[in-house]
Amino acid sequence: MSVQQDIRRLTAPDIRARKNGDPIVMLTSYHAHTARLVDKYCDVILVGDSLGMVMHGLETTIPVTLDMMILQGHAVMRGSKQALVVVDMPFGSYEQSREQAFASCARVLKETTCGAVKLEGGVRMAETIRFLAERGVPVMAHVGLTPQAINTIGSFKAQGRDEADWGRIEEDAKAVAEAGAFSVVIEAVAEPLARKITGQIAIPTIGIGASPACDGQVLVLEDMLGLSPRVPKFVKRYGDLGPGIEAAIRGYAEEVRSRAFPGPDHVYGMRKK
Ligand code: KIV
């Protein structure tokens, strides 16, 4: 086969090989300009279905469609060149059957050229993950709090804070690892349990509201930049961009209204004859 590019992107096997290695750095991005910035510092860019809430103001991720994910996945691929880009499979696009999952994942891989997909669910999705992995679809799994299950779990609450619930979550993580997922996101799970799971399974765990012992960490970009109006407890704000953006918009509005903008530097003169 021929080789088409000079810069080699990280791949799912590269991330799989980071178990017990240097921490995996992952952030979300949904569009080309943020992808360009995230790409400089992160190993993995997640085109999360959180885009439904962040970009579209939805209450949950349930209404997000495959077409929405493919459009933004494509944008993130154009904006990045080094990180592994993982695209979330939206609710309803993979749960019905292994065949439905393969058809949806194949669309995502072909139409975005991303390197992997992510899907939610543990034991119940293990058979599908095996089917996909055996057919060339690298799968990042997602256990613990799975936001697509909001209508059955009732609220976005932390999981495994009572030891009685540990067994179920441990079984989920083991099942996806054994089925061939190359890594697993552990979301909003009691710290000691996330630490225990990380020690128990052979694939990298990527924590979000989980444990510093995880093999990597992920956050939603807009949450850590201070752009999201409400964030869960596990989010650390690394920036406070909201007030800066608002000040810029206020300045623009004032200058347009006072005709201070555009000034001489922002208009085109005539060509000299
Ligand atoms: O959709 C998303 O952004 C995610 C992360 C929160 C892990 O799944």
# chains A, B, ... in the order shown; residues from 1 in each chain; ligands from 1
$ residues_near_ligand --ligand "ligand 1" --cutoff "6 Å" --atoms "only C-alpha atoms and all ligand atoms" --output "number ranges by chain"
A: 28, 48-50, 220
$ residues_around --residues "A:Met68" --least-positions-apart "3" --cutoff "9 Å" --atoms "only C-alpha atoms" --output "NGL selection string"
:A and (49 or 51-52 or 64-65 or 71-73)
$ closest_residue --among "A:Gly144, A:Gly269, A:Gly216, A:Gly154" --to "A:Ile169" --atoms "only C-alpha atoms"
A:Gly144
$ closest_residue --among "A:Met77, A:Ala210, A:Ile203, A:Met89" --to "A:Val189" --atoms "only C-alpha atoms"
A:Ala210
$ select_by_dssp --residues "stretch 19-236 of chain A" --states "strand (DSSP E)" --output "ChimeraX atom specification"
/A:24-28,44-47,84-88,116-120,139-144,183-187,205-208,216-219
$ residues_around --residues "A:Ile150" --least-positions-apart "5" --cutoff "10 Å" --atoms "only C-alpha atoms" --output "PyMOL selection string"
chain A and resi 60-62+145+155-157
$ write_last_selection --atoms "N, CA, C and O atoms" --output "JSON list (two decimals), in the first residue's frame"
[["chain", "number", "residue", "atom", "x", "y", "z"],
["A", 60, "THR", "N", -30.44, 17.27, 27.14],
["A", 60, "THR", "CA", -29.75, 15.99, 27.24],
["A", 60, "THR", "C", -29.11, 15.69, 25.87],
["A", 60, "THR", "O", -29.33, 16.42, 24.91],
["A", 61, "THR", "N", -28.37, 14.58, 25.81],
["A", 61, "THR", "CA", -27.74, 14.20, 24.55],
["A", 61, "THR", "C", -28.67, 13.33, 23.68],
["A", 61, "THR", "O", -28.31, 13.00, 22.54],
["A", 62, "ILE", "N", -29.83, 13.00, 24.19],
["A", 62, "ILE", "CA", -30.72, 12.06, 23.48],
["A", 62, "ILE", "C", -31.07, 12.50, 22.05],
["A", 62, "ILE", "O", -31.05, 11.69, 21.13],
["A", 145, "LEU", "N", -21.37, 6.67, 34.88],
["A", 145, "LEU", "CA", -22.51, 7.50, 34.47],
["A", 145, "LEU", "C", -22.53, 7.55, 32.95],
["A", 145, "LEU", "O", -21.57, 8.00, 32.32],
["A", 155, "SER", "N", -31.34, 10.97, 36.70],
["A", 155, "SER", "CA", -30.56, 12.19, 36.89],
["A", 155, "SER", "C", -29.08, 11.89, 36.66],
["A", 155, "SER", "O", -28.66, 10.73, 36.71],
["A", 156, "PHE", "N", -28.32, 12.98, 36.45],
["A", 156, "PHE", "CA", -26.87, 12.81, 36.20],
["A", 156, "PHE", "C", -26.15, 12.72, 37.54],
["A", 156, "PHE", "O", -25.48, 13.66, 37.97],
["A", 157, "LYS", "N", -26.30, 11.60, 38.24],
["A", 157, "LYS", "CA", -25.67, 11.52, 39.57],
["A", 157, "LYS", "C", -24.48, 10.55, 39.55],
["A", 157, "LYS", "O", -24.43, 9.61, 38.75]]
$ atom_distance --atom1 "atom CA of A:Ala103" --atom2 "atom CA of A:Val184"
21.7 Å
$ atom_distance --atom1 "atom CA of A:Arg98" --atom2 "atom CA of A:Phe131"
6.6 Å
$ closest_residue --among "A:Ile70, A:Leu193, A:Val54, A:Val176" --to "A:Ala164" --atoms "only C-alpha atoms"
A:Leu193
$ select_by_dssp --residues "stretch 79-265 of chain A" --states "helix (DSSP H, G or I)" --output "PyMOL selection string"
chain A and resi 79+98-112+123-134+147-153+163-179+191-200+221-224+241-257+264-265
